[in-house]
file query-v3.tsv (TSV, C-alpha atoms and all ligand atoms)
chain	number	residue	atom	x	y	z
T	21	MET	CA	-3.19	-14.32	16.72
T	22	SER	CA	-2.72	-12.79	13.33
T	23	PHE	CA	-3.84	-9.76	11.40
T	24	THR	CA	-4.72	-8.65	7.90
T	25	LEU	CA	-2.78	-5.88	6.17
T	26	ALA	CA	-4.23	-4.15	3.10
T	27	ILE	CA	-1.87	-2.37	0.73
T	28	VAL	CA	-3.72	0.57	-0.79
T	29	GLY	CA	-2.78	3.46	-3.01
T	30	ARG	CA	-3.17	4.69	-6.56
T	31	PRO	CA	-1.99	2.60	-9.54
T	32	ASN	CA	1.73	2.16	-10.18
T	33	VAL	CA	3.10	3.16	-6.78
T	34	GLY	CA	4.48	-0.36	-6.16
T	35	LYS	CA	1.75	-2.14	-4.20
T	36	SER	CA	2.07	-5.47	-6.03
T	37	THR	CA	5.85	-5.34	-5.78
T	38	LEU	CA	5.57	-5.15	-1.99
T	39	PHE	CA	2.84	-7.80	-1.95
T	40	ASN	CA	5.08	-10.18	-3.89
T	41	ARG	CA	7.98	-9.50	-1.60
T	42	LEU	CA	5.90	-10.20	1.52
T	43	VAL	CA	4.27	-13.30	0.07
T	44	GLY	CA	7.43	-14.56	-1.57
T	45	LYS	CA	5.53	-15.98	-4.51
T	46	ARG	CA	4.34	-14.26	-7.60
T	47	LEU	CA	0.66	-14.31	-6.77
T	48	ALA	CA	-0.01	-10.75	-7.85
T	49	LEU	CA	1.04	-9.66	-11.27
T	50	VAL	CA	3.45	-6.79	-11.55
T	51	ASP	CA	3.83	-4.88	-14.74
T	52	ASP	CA	5.01	-1.56	-16.01
T	53	GLN	CA	1.79	-1.30	-17.99
T	54	PRO	CA	-1.31	-0.37	-16.04
T	55	GLY	CA	-4.14	-2.86	-16.51
T	56	VAL	CA	-2.55	-6.14	-15.52
T	57	THR	CA	-3.78	-6.79	-12.01
T	58	ARG	CA	-7.40	-6.55	-10.95
T	59	ASP	CA	-9.47	-6.22	-7.83
T	60	LEU	CA	-8.33	-7.66	-4.51
T	61	ARG	CA	-5.74	-10.40	-4.03
T	62	GLU	CA	-4.89	-12.20	-0.82
T	63	GLY	CA	-1.69	-13.90	0.20
T	64	ALA	CA	0.02	-15.40	3.25
T	65	ALA	CA	2.76	-12.97	4.23
T	66	ARG	CA	5.84	-13.28	6.33
T	67	LEU	CA	8.06	-10.53	7.70
T	68	GLY	CA	10.64	-11.58	10.27
T	69	ASP	CA	8.71	-13.57	12.88
T	70	LEU	CA	5.38	-12.00	11.87
T	71	LYS	CA	2.88	-14.04	9.89
T	72	PHE	CA	-0.16	-12.29	8.52
T	73	THR	CA	-2.58	-12.01	5.61
T	74	VAL	CA	-1.84	-9.36	3.04
T	75	ILE	CA	-4.31	-7.90	0.54
T	76	ASP	CA	-3.17	-6.28	-2.68
T	77	THR	CA	-5.62	-3.84	-4.22
T	78	ALA	CA	-5.73	-3.47	-7.97
T	79	GLY	CA	-8.39	-3.08	-10.62
T	80	LEU	CA	-8.19	0.69	-10.70
T	81	GLU	CA	-6.09	0.54	-13.81
T	82	GLU	CA	-8.91	-0.62	-16.05
T	83	ALA	CA	-11.02	1.81	-17.99
T	84	THR	CA	-14.74	1.34	-17.27
T	85	ASP	CA	-17.78	3.56	-17.42
T	86	GLU	CA	-17.52	4.28	-13.73
T	87	SER	CA	-15.20	7.10	-12.73
T	88	LEU	CA	-11.78	6.29	-11.30
T	89	GLN	CA	-12.69	8.28	-8.23
T	90	GLY	CA	-15.81	6.18	-7.63
T	91	ARG	CA	-14.04	2.85	-8.13
T	92	MET	CA	-11.14	3.98	-6.01
T	93	ARG	CA	-13.43	4.83	-3.17
T	94	LYS	CA	-15.36	1.54	-3.32
T	95	LEU	CA	-12.32	-0.67	-3.67
T	96	THR	CA	-10.40	1.11	-0.96
T	97	GLU	CA	-13.35	0.95	1.40
T	98	ARG	CA	-13.72	-2.79	0.76
T	99	ALA	CA	-10.04	-3.37	1.45
T	100	VAL	CA	-10.06	-1.19	4.54
T	101	ASP	CA	-13.07	-3.03	5.94
T	102	MET	CA	-11.37	-6.41	5.42
T	103	ALA	CA	-8.13	-5.26	7.03
T	104	ASP	CA	-6.93	-4.66	10.55
T	105	ILE	CA	-4.12	-2.41	9.34
T	106	CYS	CA	-3.76	-0.43	6.10
T	107	LEU	CA	-0.50	0.34	4.43
T	108	PHE	CA	-1.06	3.44	2.34
T	109	MET	CA	1.59	3.68	-0.34
T	110	ILE	CA	2.72	6.70	-2.31
T	111	ASP	CA	5.44	7.03	-4.94
T	112	ALA	CA	8.07	9.24	-3.31
T	113	ARG	CA	9.65	9.98	-6.67
T	114	MET	CA	6.40	11.47	-7.95
T	115	GLY	CA	5.56	13.23	-4.71
T	116	VAL	CA	2.04	13.55	-3.28
T	117	THR	CA	-0.64	13.72	-6.01
T	118	ALA	CA	-4.29	14.80	-5.92
T	119	GLN	CA	-5.30	11.11	-6.06
T	120	ASP	CA	-3.07	10.37	-3.07
T	121	LYS	CA	-4.91	13.02	-1.11
T	122	VAL	CA	-8.27	11.37	-1.88
T	123	PHE	CA	-6.96	8.02	-0.58
T	124	ALA	CA	-5.52	9.69	2.50
T	125	GLU	CA	-8.92	11.20	3.28
T	126	ILE	CA	-10.69	7.82	2.96
T	127	LEU	CA	-8.13	6.21	5.24
T	128	ARG	CA	-8.22	8.96	7.81
T	129	ARG	CA	-11.98	8.51	8.12
T	130	ARG	CA	-12.23	4.76	7.86
T	131	SER	CA	-9.17	2.94	9.09
T	132	ALA	CA	-8.05	2.66	12.68
T	133	HIS	CA	-4.46	1.79	11.85
T	134	VAL	CA	-2.72	3.37	8.89
T	135	ILE	CA	0.93	2.99	8.04
T	136	LEU	CA	2.16	5.53	5.50
T	137	ALA	CA	4.82	4.18	3.16
T	138	ALA	CA	6.79	6.36	0.76
T	139	ASN	CA	7.89	3.81	-1.83
T	140	LYS	CA	10.57	4.04	-4.53
T	141	SER	CA	12.65	5.73	-1.85
T	142	GLU	CA	16.02	4.36	-2.89
T	143	GLY	CA	18.25	7.32	-3.67
T	144	ALA	CA	18.02	11.06	-3.14
T	145	ALA	CA	15.40	11.57	-5.89
T	146	ALA	CA	12.80	10.50	-3.32
T	147	ASP	CA	13.75	12.94	-0.57
T	148	ALA	CA	11.32	15.72	-1.55
T	149	GLY	CA	8.41	13.27	-1.90
T	150	VAL	CA	9.13	11.67	1.46
T	151	TYR	CA	9.18	15.10	3.10
T	152	GLU	CA	5.95	16.10	1.32
T	153	SER	CA	4.14	13.00	2.58
T	154	TYR	CA	4.34	14.23	6.18
T	155	GLY	CA	1.63	16.70	5.10
T	156	LEU	CA	-0.94	13.92	4.46
T	157	GLY	CA	-1.79	13.82	8.14
T	158	LEU	CA	-1.18	10.09	8.47
T	159	GLY	CA	1.88	10.24	10.68
T	160	ASP	CA	5.51	9.82	9.78
T	161	PRO	CA	6.16	7.90	6.56
T	162	ILE	CA	8.40	4.88	6.37
T	163	ARG	CA	10.96	5.07	3.58
T	164	LEU	CA	10.42	1.98	1.51
T	165	SER	CA	11.90	0.51	-1.63
T	166	ALA	CA	9.70	-2.48	-2.40
T	167	GLU	CA	11.79	-3.30	-5.44
T	168	HIS	CA	15.10	-3.28	-3.59
T	169	GLY	CA	13.79	-4.64	-0.30
T	170	GLU	CA	14.76	-1.55	1.66
T	171	GLY	CA	12.79	-0.25	4.64
T	172	LEU	CA	11.30	-3.62	5.53
T	173	ASN	CA	12.91	-3.39	8.97
T	174	GLU	CA	11.00	-0.12	9.47
T	175	LEU	CA	7.80	-1.78	8.30
T	176	TYR	CA	8.43	-4.59	10.77
T	177	ALA	CA	8.94	-2.06	13.57
T	178	MET	CA	5.56	-0.48	12.77
T	179	LEU	CA	3.69	-3.80	12.47
T	180	GLN	CA	5.18	-5.61	15.42
T	181	PRO	CA	3.53	-3.56	18.22
T	182	LEU	CA	0.20	-3.55	16.34
T	183	ALA	CA	0.36	-7.31	15.82
T	184	ASP	CA	-0.05	-7.81	19.58
T	185	GLU	CA	-3.46	-6.12	19.41
T	186	PHE	CA	-4.99	-8.73	17.14
X	1	LIG	P1	1.00	-1.16	-8.33
X	1	LIG	O1	0.23	-0.73	-9.54
X	1	LIG	O2	0.85	-0.16	-7.22
X	1	LIG	O3	0.70	-2.56	-7.91
X	1	LIG	O4	2.56	-1.08	-8.74
X	1	LIG	P2	3.55	-2.27	-9.21
X	1	LIG	O5	3.98	-3.09	-8.04
X	1	LIG	O6	2.94	-2.98	-10.37
X	1	LIG	O7	4.82	-1.41	-9.66
X	1	LIG	C1	4.72	-0.39	-10.64
X	1	LIG	C2	6.10	-0.08	-11.18
X	1	LIG	O8	6.92	0.49	-10.16
X	1	LIG	C3	6.86	-1.33	-11.68
X	1	LIG	O9	7.59	-0.96	-12.81
X	1	LIG	C4	7.78	-1.64	-10.51
X	1	LIG	O10	8.93	-2.34	-10.92
X	1	LIG	C5	8.12	-0.25	-10.01
X	1	LIG	N1	8.53	-0.23	-8.58
X	1	LIG	C6	7.95	-0.88	-7.55
X	1	LIG	N2	8.63	-0.65	-6.39
X	1	LIG	C7	9.66	0.16	-6.70
X	1	LIG	C8	10.73	0.75	-5.93
X	1	LIG	O11	10.88	0.54	-4.74
X	1	LIG	N3	11.59	1.56	-6.62
X	1	LIG	C9	11.46	1.79	-7.95
X	1	LIG	N4	12.35	2.60	-8.52
X	1	LIG	N5	10.49	1.24	-8.72
X	1	LIG	C10	9.60	0.43	-8.10
X	2	MG	MG	-0.66	-3.89	-8.72

call {"tool": "encode", "arguments": {"input": "query-v3.tsv", "output": "structure tokens"}}
result
Amino acid sequence: MSFTLAIVGRPNVGKSTLFNRLVGKRLALVDDQPGVTRDLREGAARLGDLKFTVIDTAGLEEATDESLQGRMRKLTERAVDMADICLFMIDARMGVTAQDKVFAEILRRRSAHVILAANKSEGAAADAGVYESYGLGLGDPIRLSAEHGEGLNELYAMLQPLADEF
């Protein structure tokens, strides 16, 4: 059996970087400039002996008439409904933002399984943000560096017991 993991979170936290790492191919675009990726993107992921489907959420970067808040809610809800497990990513270097708190609320209400990931956690500059993320009410964060491939063993340890449920 396999499961679907959705990576959600506000723009620029590193979702596509993790997606690319898990999929091993450059299916999702990664860019320093907001506005490159859009909507939802699916890939076949591999982590250790786990094989699963991963969904990258994007499309929040584009300016439209609809409010960011409204689009964020719709897109996140779509992703959550498609997924068995949600990985909610924050940028530990930035700390917890007001937008992060909106996402956390959606996930708390809507998703059965949420893994909190504090990304960009390489180095001590992330310590305060990692600590702050405990306050989101989504359990203990995993310290991740999608760019440097750190914390993937912790992600595996969180996914592995859940994988047996699906
Ligand atoms: P997304 O908008 O959430 O999909 O974020 P991206 O994956 O496009 O990444 C946004 C920026 O953060 C890019 O410049 C990435 O190189 C950078 N980034 C991603 N992961 C890390 C990380 O672990 N550490 C650091 N320092 N930068 C990262
Ligand atoms: Mg992206």

call {"tool": "residues_near_ligand", "arguments": {"input": "query-v3.tsv", "ligand": "ligand LIG 1 (chain X)", "cutoff": "6 Å", "atoms": "all atoms listed in the file", "output": "ChimeraX atom specification"}}
result
/T:31-37,50-52,139-140,165-168

call {"tool": "atom_distance", "arguments": {"input": "query-v3.tsv", "atom1": "atom CA of Val28 of chain T", "atom2": "atom CA of Ala144 of chain T"}}
result
24.3 Å

call {"tool": "atom_distance", "arguments": {"input": "query-v3.tsv", "atom1": "atom CA of Ala103 of chain T", "atom2": "atom CA of Tyr151 of chain T"}}
result
27.0 Å

call {"tool": "atom_distance", "arguments": {"input": "query-v3.tsv", "atom1": "atom CA of Cys106 of chain T", "atom2": "atom CA of Ala118 of chain T"}}
result
19.4 Å

call {"tool": "closest_residue", "arguments": {"input": "query-v3.tsv", "among": "T:Ala78, T:Ala177, T:Leu60, T:Phe39", "to": "ligand MG 2 (chain X)", "atoms": "only C-alpha atoms and all ligand atoms"}}
result
T:Ala78

call {"tool": "residues_near_point", "arguments": {"input": "query-v3.tsv", "point": "(-2.0, 10.5, -3.7)", "cutoff": "9 Å", "atoms": "only C-alpha atoms", "output": "MDAnalysis selection string"}}
result
chainID T and resid 29:30 109:111 115:124 156

call {"tool": "residues_around", "arguments": {"input": "query-v3.tsv", "residues": "Thr73 of chain T", "least_positions_apart": "5", "cutoff": "8 Å", "atoms": "all atoms listed in the file", "output": "count of residues only"}}
result
8

call {"tool": "residues_around", "arguments": {"input": "query-v3.tsv", "residues": "Phe108 of chain T", "least_positions_apart": "5", "cutoff": "7 Å", "atoms": "all atoms listed in the file", "output": "MDAnalysis selection string"}}
result
chainID T and resid 27:29 134:137

call {"tool": "residues_around", "arguments": {"input": "query-v3.tsv", "residues": "Ala112 of chain T", "least_positions_apart": "6", "cutoff": "7 Å", "atoms": "all atoms listed in the file", "output": "VMD selection string"}}
result
chain T and resid 138 to 141 146 149 to 150

call {"tool": "closest_residue", "arguments": {"input": "query-v3.tsv", "among": "T:Ile75, T:Ala132, T:Leu164, T:Met114", "to": "ligand MG 2 (chain X)", "atoms": "only C-alpha atoms and all ligand atoms"}}
result
T:Ile75

call {"tool": "residues_around", "arguments": {"input": "query-v3.tsv", "residues": "Asp101 of chain T", "least_positions_apart": "2", "cutoff": "12 Å", "atoms": "only C-alpha atoms", "output": "PyMOL selection string"}}
result
chain T and resi 24-26+75+94-99+103-106+126-127+129-133

call {"tool": "closest_residue", "arguments": {"input": "query-v3.tsv", "among": "T:Gly44, T:Arg128, T:Thr77, T:Asp69", "to": "ligand MG 2 (chain X)", "atoms": "all atoms listed in the file"}}
result
T:Thr77

call {"tool": "residues_around", "arguments": {"input": "query-v3.tsv", "residues": "Asn173 of chain T", "least_positions_apart": "6", "cutoff": "10 Å", "atoms": "only C-alpha atoms", "output": "PDB file with C-alpha atoms, in the frame of the given file"}}
result
ATOM      1  CA  LEU T  67       8.060 -10.530   7.700  1.00  0.00           C
ATOM      2  CA  GLY T  68      10.640 -11.580  10.270  1.00  0.00           C
ATOM      3  CA  ILE T 162       8.400   4.880   6.370  1.00  0.00           C
ATOM      4  CA  LEU T 164      10.420   1.980   1.510  1.00  0.00           C
ATOM      5  CA  LEU T 179       3.690  -3.800  12.470  1.00  0.00           C
TER       6      LEU T 179
END

call {"tool": "closest_residue", "arguments": {"input": "query-v3.tsv", "among": "T:Arg61, T:Arg163, T:Arg41, T:Lys71", "to": "ligand MG 2 (chain X)", "atoms": "all atoms listed in the file"}}
result
T:Arg61

call {"tool": "decode", "arguments": {"input": "query-v3.tsv", "residues": "segment 167-182 of chain T", "atoms": "N, CA, C and O atoms", "output": "CSV table (one decimal), in the first residue's frame"}}
result
chain,number,residue,atom,x,y,z
T,167,GLU,N,17.3,22.0,1.2
T,167,GLU,CA,18.4,22.3,0.2
T,167,GLU,C,19.6,21.5,0.5
T,167,GLU,O,20.3,21.1,-0.5
T,168,HIS,N,19.9,21.2,1.7
T,168,HIS,CA,21.1,20.5,2.1
T,168,HIS,C,20.8,19.0,2.3
T,168,HIS,O,21.8,18.2,2.7
T,169,GLY,N,19.6,18.6,2.3
T,169,GLY,CA,19.2,17.2,2.5
T,169,GLY,C,19.4,16.7,3.9
T,169,GLY,O,19.6,15.6,4.2
T,170,GLU,N,19.2,17.7,4.8
T,170,GLU,CA,19.3,17.3,6.3
T,170,GLU,C,17.9,17.1,6.9
T,170,GLU,O,17.0,17.9,6.5
T,171,GLY,N,17.8,16.2,7.8
T,171,GLY,CA,16.5,16.0,8.5
T,171,GLY,C,15.6,15.0,7.7
T,171,GLY,O,14.5,14.7,8.2
T,172,LEU,N,16.1,14.4,6.6
T,172,LEU,CA,15.3,13.4,5.9
T,172,LEU,C,15.1,12.1,6.7
T,172,LEU,O,14.1,11.4,6.5
T,173,ASN,N,16.1,11.8,7.5
T,173,ASN,CA,16.0,10.6,8.4
T,173,ASN,C,14.9,10.8,9.4
T,173,ASN,O,14.1,9.9,9.7
T,174,GLU,N,14.7,12.1,9.9
T,174,GLU,CA,13.6,12.4,10.8
T,174,GLU,C,12.3,12.3,10.1
T,174,GLU,O,11.3,11.9,10.6
T,175,LEU,N,12.3,12.8,8.8
T,175,LEU,CA,11.0,12.7,8.0
T,175,LEU,C,10.7,11.3,7.8
T,175,LEU,O,9.5,10.9,8.0
T,176,TYR,N,11.6,10.5,7.5
T,176,TYR,CA,11.4,9.0,7.3
T,176,TYR,C,10.8,8.4,8.6
T,176,TYR,O,9.8,7.7,8.5
T,177,ALA,N,11.4,8.8,9.7
T,177,ALA,CA,10.9,8.2,11.0
T,177,ALA,C,9.5,8.6,11.3
T,177,ALA,O,8.7,7.9,12.0
T,178,MET,N,9.0,9.8,10.8
T,178,MET,CA,7.6,10.2,11.0
T,178,MET,C,6.7,9.5,10.0
T,178,MET,O,5.6,9.2,10.4
T,179,LEU,N,7.2,9.3,8.8
T,179,LEU,CA,6.3,8.7,7.7
T,179,LEU,C,6.2,7.2,7.9
T,179,LEU,O,5.1,6.7,7.6
T,180,GLN,N,7.2,6.6,8.3
T,180,GLN,CA,7.3,5.1,8.3
T,180,GLN,C,6.1,4.5,9.1
T,180,GLN,O,5.4,3.6,8.5
T,181,PRO,N,5.9,4.9,10.3
T,181,PRO,CA,4.8,4.3,11.1
T,181,PRO,C,3.4,4.6,10.4
T,181,PRO,O,2.5,3.8,10.5
T,182,LEU,N,3.3,5.8,9.8
T,182,LEU,CA,2.0,6.2,9.2
T,182,LEU,C,1.8,5.4,7.9
T,182,LEU,O,0.6,5.1,7.6
